[in-house]
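Novice: Okay, here's the structure, questions in a sec.
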Number of protein chains: 2
Amino acid sequence: MATSTVEDYLKAILLEEEREPGVAVATGRLATLLAVTPGTVTAMLKTLADSGLVAYEPYAGAQLTAAGRQLGLHVLRRHRLIELFLVQIVGLDWSEVHDEAERLEHAVSERLIERMDEMLDRPAVDPHGDPIPTATLKVRPLAYASLADLGAAEIGVRCRVARIADQSPEFLRLVEKVGLRPGKKVRVTALDVAADTLEIELDRGRRASLGLRAAGKIFVERV
Amino acid sequence: MATSTVEDYLKAILLEEEREPGVAVATGRLATLLAVTPGTVTAMLKTLADSGLVAYEPYAGAQLTAAGRQLGLHVLRRHRLIELFLVQIVGLDWSEVHDEAERLEHAVSERLIERMDEMLDRPAVDPHGDPIPTATLKVRPLAYASLADLGAAEIGVRCRVARIADQSPEFLRLVEKVGLRPGKKVRVTALDVAADTLEIELDRGRRASLGLRAAGKIFVERV
DNA sequence: CTCCAATCTTTGATCCATCAAAATTATCGA
DNA sequence: TCGATAATTTTGATGGATCAAAGATTGGAG
């Protein structure tokens with residue numbers, strides 16, 4: 001059995017590889033994500049490499065092996081199912097379930113996860129719109145455009161928020177404040193490249209402005 | 001924050017003190033319960049004593065301090081609420097939730113526990129009939145007679161199974177086989193002191209015989 | 001091409017939880 | 001009361017995860 005620390009490393013590498021496919025994940029990046037010192041990461045990457053879970057090249061970073069990816073997907077599946085369970089069944093708010101899932105993902109049995117999956121009717125995405133790997137660890141790819149993409153191409157199109165690709169409390173607080181939680185209707189009304197901002201309009205004519213960087217983390221689908 | 005190991009020790013001591021009030025819990029007993037060597041327990045009891053959680057007297061065993069008892073009750077509350085949640089809300093079987101709760105009790109937040117408590121309508125007992133400490137860590141005492149007590153005093157009285165005071169898989173399997181899960185109707189029909197057994201009758205005239213030791217772990221209330 | 005700054009690895013140490021085996025203490029039976 | 005036996009504690013060691021700080025490597029900027 002992998003320790004809960006090993007699971008955390010694998011999940012972090014998996015998520016980074018997803019953000020930038022094909023590129024090895026840097027030691028320092030992992031250190032930041034996992035809130036440990038770089039030396040700790042180096043040590044851990046070596047033991048992960050010895051266990052055949054990552055390919056590790058000194059000074060070049062790490063990439064998951066097939067086995068490591070399997071394990072990482074397993075953890076990710078648990079994490080996202082738990083998040084959805086906490087929102088749908090327990091009634092917690094979508095913005096507060098991340099930390100809870102972060103701990104529970106290491107403690108739930110396969111049996112309980114299967115039961116949650118069943119109760120939730122084999123869901124495809126979690127409360128943030130991130131895809132939930134299936135029981136066989138397949139990931140159904142999502143193809144949403146971000147608000148930033150939309151600003152560049154299709155001003156004025158009516159959309160629905162499908163995915164928030166940043167789980168940090170600060171970002172979620174912003175999203176909440178602006179009113180952009182998943183499911184909400186939204187329209188990009190203007191793009192100001194010089195100012196690096198985007199104007200959006202939501203329900204009931206409510207308007208807001210968003211930096212392009214933030215807009216790039218909000219994914220939508222046409223309605 | 002107490003580590004999950006510390007929580008396990010405190011819970012084990014609490015349960016032992018409950019079984020035999022006033023008596024210090026022996027090192028070896030804890031070693032058995034926690035599946036570690038006696039030397040490990042000695043070391044841990046010292047650090048618990050240093051943290052002011054137990055009173056530890058070499059060769060005499062340990063007793064919880066007020067602080068240790070508080071912490072232990074906290075863990076016990078989490079454990080039992082989780083067990084009930086898994087049975088009532090998630091639909092797992094009462095005989096399989098113990099191990100799951102054993103892991104989850106160290107991972108759930110106060111917020112989630114409060115929410116479970118609310119969903120379950122501030123329950124008084126878990127699926128085994130054990131009392132759930134309240135949010136302020138008060139324990140409502142239960143006063144049920146065991147089947148063994150009943151055999152000695154009141155042959156033939158109709159009762160309802162209220163509590164199974166042994167969570168080990170083997171015992172739960174026996175209880176399931178005989179049909180004595182909490183809530184079932186039961187009547188003691190005979191006591192054979194020489195043979196150390198008890199005859200019982202359940203639903204639809206079904207009969208079974210039980211050792212006195214086992215009968216002592218089944219608690220009932222009159223109907 | 002060289003050297004500096006940033007990044008990464010190494011080294012030596014700590015803490016927690018654990019074990020095996022040796023040493024100590026208690027206790028019970030004769 | 002005296003050992004023998006059972007229970008407990010001590011000792012020395014290990015594995016996992018971590019840190020701080022020293023040393024090595026790399027990739028530009030000039």
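Every chain in the structure tokens takes a letter, A first, then B, and so on in the order presented; its residues are numbered from 1, and the ligands are numbered from 1 following the presented order.
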Write out as a VMD selection string all residues of segment 6-196 of chain B that DSSP puts in alpha helix (DSSP H) for this structure's backbone.

Specialist: chain B and resid 6 to 19 27 to 34 38 to 50 66 to 88 97 to 104 110 to 119 147 to 153 169 to 178

Novice: Those residues with C-alpha atoms, as a PDB file, in the first residue's frame please?

Specialist:
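What ended up in selection_28.pdb:
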ATOM      1  CA  VAL B   6      -2.412   9.443  19.909  1.00  0.00           C
ATOM      2  CA  GLU B   7      -6.120   9.492  19.165  1.00  0.00           C
ATOM      3  CA  ASP B   8      -6.129   5.707  18.890  1.00  0.00           C
ATOM      4  CA  TYR B   9      -4.419   5.272  22.249  1.00  0.00           C
ATOM      5  CA  LEU B  10      -6.790   7.669  23.994  1.00  0.00           C
ATOM      6  CA  LYS B  11      -9.844   6.002  22.515  1.00  0.00           C
ATOM      7  CA  ALA B  12      -8.584   2.553  23.508  1.00  0.00           C
ATOM      8  CA  ILE B  13      -7.929   3.669  27.085  1.00  0.00           C
ATOM      9  CA  LEU B  14     -11.318   5.350  27.252  1.00  0.00           C
ATOM     10  CA  LEU B  15     -13.129   2.202  26.137  1.00  0.00           C
ATOM     11  CA  GLU B  16     -11.197   0.078  28.608  1.00  0.00           C
ATOM     12  CA  GLU B  17     -11.939   2.457  31.460  1.00  0.00           C
ATOM     13  CA  GLU B  18     -15.584   2.250  30.485  1.00  0.00           C
ATOM     14  CA  ARG B  19     -15.475  -1.536  30.699  1.00  0.00           C
ATOM     15  CA  THR B  27       0.270  -1.827  29.164  1.00  0.00           C
ATOM     16  CA  GLY B  28      -0.172  -5.316  27.789  1.00  0.00           C
ATOM     17  CA  ARG B  29      -3.903  -4.868  27.319  1.00  0.00           C
ATOM     18  CA  LEU B  30      -3.299  -1.772  25.219  1.00  0.00           C
ATOM     19  CA  ALA B  31      -0.610  -3.596  23.258  1.00  0.00           C
ATOM     20  CA  THR B  32      -3.162  -6.277  22.361  1.00  0.00           C
ATOM     21  CA  LEU B  33      -5.894  -3.802  21.503  1.00  0.00           C
ATOM     22  CA  LEU B  34      -3.650  -1.646  19.334  1.00  0.00           C
ATOM     23  CA  PRO B  38       4.327  -3.731  24.881  1.00  0.00           C
ATOM     24  CA  GLY B  39       7.525  -1.713  24.582  1.00  0.00           C
ATOM     25  CA  THR B  40       5.855   0.562  22.084  1.00  0.00           C
ATOM     26  CA  VAL B  41       2.981   1.148  24.466  1.00  0.00           C
ATOM     27  CA  THR B  42       5.303   2.002  27.342  1.00  0.00           C
ATOM     28  CA  ALA B  43       7.046   4.596  25.185  1.00  0.00           C
ATOM     29  CA  MET B  44       3.755   6.084  24.063  1.00  0.00           C
ATOM     30  CA  LEU B  45       2.292   6.207  27.562  1.00  0.00           C
ATOM     31  CA  LYS B  46       5.274   8.262  28.642  1.00  0.00           C
ATOM     32  CA  THR B  47       4.773  10.812  25.934  1.00  0.00           C
ATOM     33  CA  LEU B  48       1.035  10.903  26.643  1.00  0.00           C
ATOM     34  CA  ALA B  49       1.837  11.501  30.293  1.00  0.00           C
ATOM     35  CA  ASP B  50       4.219  14.305  29.303  1.00  0.00           C
ATOM     36  CA  ALA B  66      -9.606  15.161  32.245  1.00  0.00           C
ATOM     37  CA  ALA B  67      -7.908  16.476  29.101  1.00  0.00           C
ATOM     38  CA  GLY B  68      -7.262  12.971  27.806  1.00  0.00           C
ATOM     39  CA  ARG B  69     -10.817  11.960  28.427  1.00  0.00           C
ATOM     40  CA  GLN B  70     -12.107  14.993  26.528  1.00  0.00           C
ATOM     41  CA  LEU B  71      -9.957  14.144  23.548  1.00  0.00           C
ATOM     42  CA  GLY B  72     -10.923  10.486  23.731  1.00  0.00           C
ATOM     43  CA  LEU B  73     -14.612  11.318  23.860  1.00  0.00           C
ATOM     44  CA  HIS B  74     -14.142  13.552  20.874  1.00  0.00           C
ATOM     45  CA  VAL B  75     -12.712  10.685  18.868  1.00  0.00           C
ATOM     46  CA  LEU B  76     -15.422   8.340  20.078  1.00  0.00           C
ATOM     47  CA  ARG B  77     -18.111  10.798  19.053  1.00  0.00           C
ATOM     48  CA  ARG B  78     -16.638  11.036  15.594  1.00  0.00           C
ATOM     49  CA  HIS B  79     -16.320   7.265  15.325  1.00  0.00           C
ATOM     50  CA  ARG B  80     -19.878   6.535  16.298  1.00  0.00           C
ATOM     51  CA  LEU B  81     -21.453   9.315  14.268  1.00  0.00           C
ATOM     52  CA  ILE B  82     -19.546   8.121  11.223  1.00  0.00           C
ATOM     53  CA  GLU B  83     -20.724   4.551  11.781  1.00  0.00           C
ATOM     54  CA  LEU B  84     -24.323   5.650  11.966  1.00  0.00           C
ATOM     55  CA  PHE B  85     -23.929   7.915   8.957  1.00  0.00           C
ATOM     56  CA  LEU B  86     -22.524   5.073   6.902  1.00  0.00           C
ATOM     57  CA  VAL B  87     -25.456   2.839   7.829  1.00  0.00           C
ATOM     58  CA  GLN B  88     -28.306   5.340   7.649  1.00  0.00           C
ATOM     59  CA  VAL B  97     -18.787   0.077   9.135  1.00  0.00           C
ATOM     60  CA  HIS B  98     -16.463  -0.305  12.104  1.00  0.00           C
ATOM     61  CA  ASP B  99     -13.199  -0.500  10.154  1.00  0.00           C
ATOM     62  CA  GLU B 100     -14.242   2.282   7.825  1.00  0.00           C
ATOM     63  CA  ALA B 101     -15.019   4.549  10.788  1.00  0.00           C
ATOM     64  CA  GLU B 102     -11.726   3.568  12.369  1.00  0.00           C
ATOM     65  CA  ARG B 103      -9.937   5.375   9.532  1.00  0.00           C
ATOM     66  CA  LEU B 104     -12.380   8.178   8.836  1.00  0.00           C
ATOM     67  CA  GLU B 110     -15.530  19.347  12.955  1.00  0.00           C
ATOM     68  CA  ARG B 111     -17.693  20.953  10.307  1.00  0.00           C
ATOM     69  CA  LEU B 112     -18.470  17.642   8.612  1.00  0.00           C
ATOM     70  CA  ILE B 113     -19.194  15.895  11.886  1.00  0.00           C
ATOM     71  CA  GLU B 114     -21.607  18.633  12.877  1.00  0.00           C
ATOM     72  CA  ARG B 115     -23.347  18.263   9.536  1.00  0.00           C
ATOM     73  CA  MET B 116     -23.655  14.490   9.960  1.00  0.00           C
ATOM     74  CA  ASP B 117     -25.042  14.985  13.460  1.00  0.00           C
ATOM     75  CA  GLU B 118     -27.626  17.334  12.013  1.00  0.00           C
ATOM     76  CA  MET B 119     -28.554  15.011   9.130  1.00  0.00           C
ATOM     77  CA  LEU B 147     -29.201 -11.562  27.951  1.00  0.00           C
ATOM     78  CA  ALA B 148     -27.084 -13.239  30.628  1.00  0.00           C
ATOM     79  CA  ASP B 149     -28.592 -11.027  33.356  1.00  0.00           C
ATOM     80  CA  LEU B 150     -32.014 -11.788  31.975  1.00  0.00           C
ATOM     81  CA  GLY B 151     -31.455 -15.519  31.954  1.00  0.00           C
ATOM     82  CA  ALA B 152     -30.638 -15.368  35.637  1.00  0.00           C
ATOM     83  CA  ALA B 153     -33.656 -13.299  36.584  1.00  0.00           C
ATOM     84  CA  PRO B 169     -15.873  -9.273  13.002  1.00  0.00           C
ATOM     85  CA  GLU B 170     -16.098 -12.787  14.456  1.00  0.00           C
ATOM     86  CA  PHE B 171     -18.652 -11.766  17.031  1.00  0.00           C
ATOM     87  CA  LEU B 172     -20.662  -9.739  14.549  1.00  0.00           C
ATOM     88  CA  ARG B 173     -20.734 -12.738  12.240  1.00  0.00           C
ATOM     89  CA  LEU B 174     -22.147 -14.875  15.041  1.00  0.00           C
ATOM     90  CA  VAL B 175     -24.726 -12.240  15.885  1.00  0.00           C
ATOM     91  CA  GLU B 176     -25.759 -12.047  12.234  1.00  0.00           C
ATOM     92  CA  LYS B 177     -25.988 -15.824  11.944  1.00  0.00           C
ATOM     93  CA  VAL B 178     -28.172 -16.151  15.013  1.00  0.00           C
TER      94      VAL B 178
END

Novice: Taking only C-alpha atoms (C1' of nucleotides) into account and nothing else, which residues of chain B lie no more than 8 Å away from chain C? Please answer as a list of chain:residue names.

Specialist: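 Those within range of chain C come out as B:Val36, B:Thr37, B:Thr40, B:Tyr59.
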
Novice: Print the selection's residues with C-alpha atoms to a file, as a short mmCIF file (atom, residue, chain, number, x, y, z; two decimals), in the first residue's frame.

Specialist:
data_model
loop_
_atom_site.label_atom_id
_atom_site.label_comp_id
_atom_site.auth_asym_id
_atom_site.auth_seq_id
_atom_site.Cartn_x
_atom_site.Cartn_y
_atom_site.Cartn_z
CA VAL B 36 1.73 -3.24 18.82
CA THR B 37 4.42 -4.56 21.16
CA THR B 40 5.85 0.56 22.08
CA TYR B 59 4.07 -1.23 36.11
#

Novice: Distance cut-off 10 Å, counting only C-alpha atoms (C1' of nucleotides) - which residues of chain D neighbour chain B? Return them as a ChimeraX atom specification.

Specialist: /D:7-10

Novice: Just want the 6 Å neighbourhood of segment 186-200 of chain B, counted on only C-alpha atoms (C1' of nucleotides), with same-chain residues fewer than 6 positions away dropped. Output as a PyMOL selection string.

Specialist: chain B and resi 151+155-160+207-212

Novice: The selected residues should be written to file as a PDB file, in the first residue's frame (atoms: C-alpha atoms).

Specialist:
ATOM      1  CA  GLY B 151     -31.455 -15.519  31.954  1.00  0.00           C
ATOM      2  CA  ILE B 155     -36.948 -16.230  31.907  1.00  0.00           C
ATOM      3  CA  GLY B 156     -39.546 -15.699  29.224  1.00  0.00           C
ATOM      4  CA  VAL B 157     -39.752 -11.891  29.135  1.00  0.00           C
ATOM      5  CA  ARG B 158     -40.102 -10.448  25.634  1.00  0.00           C
ATOM      6  CA  CYS B 159     -37.282  -8.010  24.742  1.00  0.00           C
ATOM      7  CA  ARG B 160     -35.726  -6.001  21.940  1.00  0.00           C
ATOM      8  CA  ARG B 207     -34.473 -20.819  18.448  1.00  0.00           C
ATOM      9  CA  ALA B 208     -30.771 -20.736  19.229  1.00  0.00           C
ATOM     10  CA  SER B 209     -28.384 -21.388  22.067  1.00  0.00           C
ATOM     11  CA  LEU B 210     -25.697 -19.029  23.271  1.00  0.00           C
ATOM     12  CA  GLY B 211     -22.752 -19.250  25.666  1.00  0.00           C
ATOM     13  CA  LEU B 212     -23.095 -17.089  28.766  1.00  0.00           C
TER      14      LEU B 212
END

Novice: At what distance in Å, to one decimal, does atom CA of Glu201 of chain B lie from atom CA of Ala145 of chain B?

Specialist: 17.0 Å

Novice: For chain B, which of A:Gly129, A:Glu105, A:Pro21, A:Lys185 is the closest residue, counting only C-alpha atoms?

Specialist: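 Comparing A:Gly129, A:Glu105, A:Pro21, A:Lys185 against chain B, the winner is A:Glu105.
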
Novice: If you run DSSP on the backbone, which residues of segment 71-178 of chain A are strand (DSSP E or B), as a PyMOL selection string?

Specialist: chain A and resi 125+131+145-146+158-164
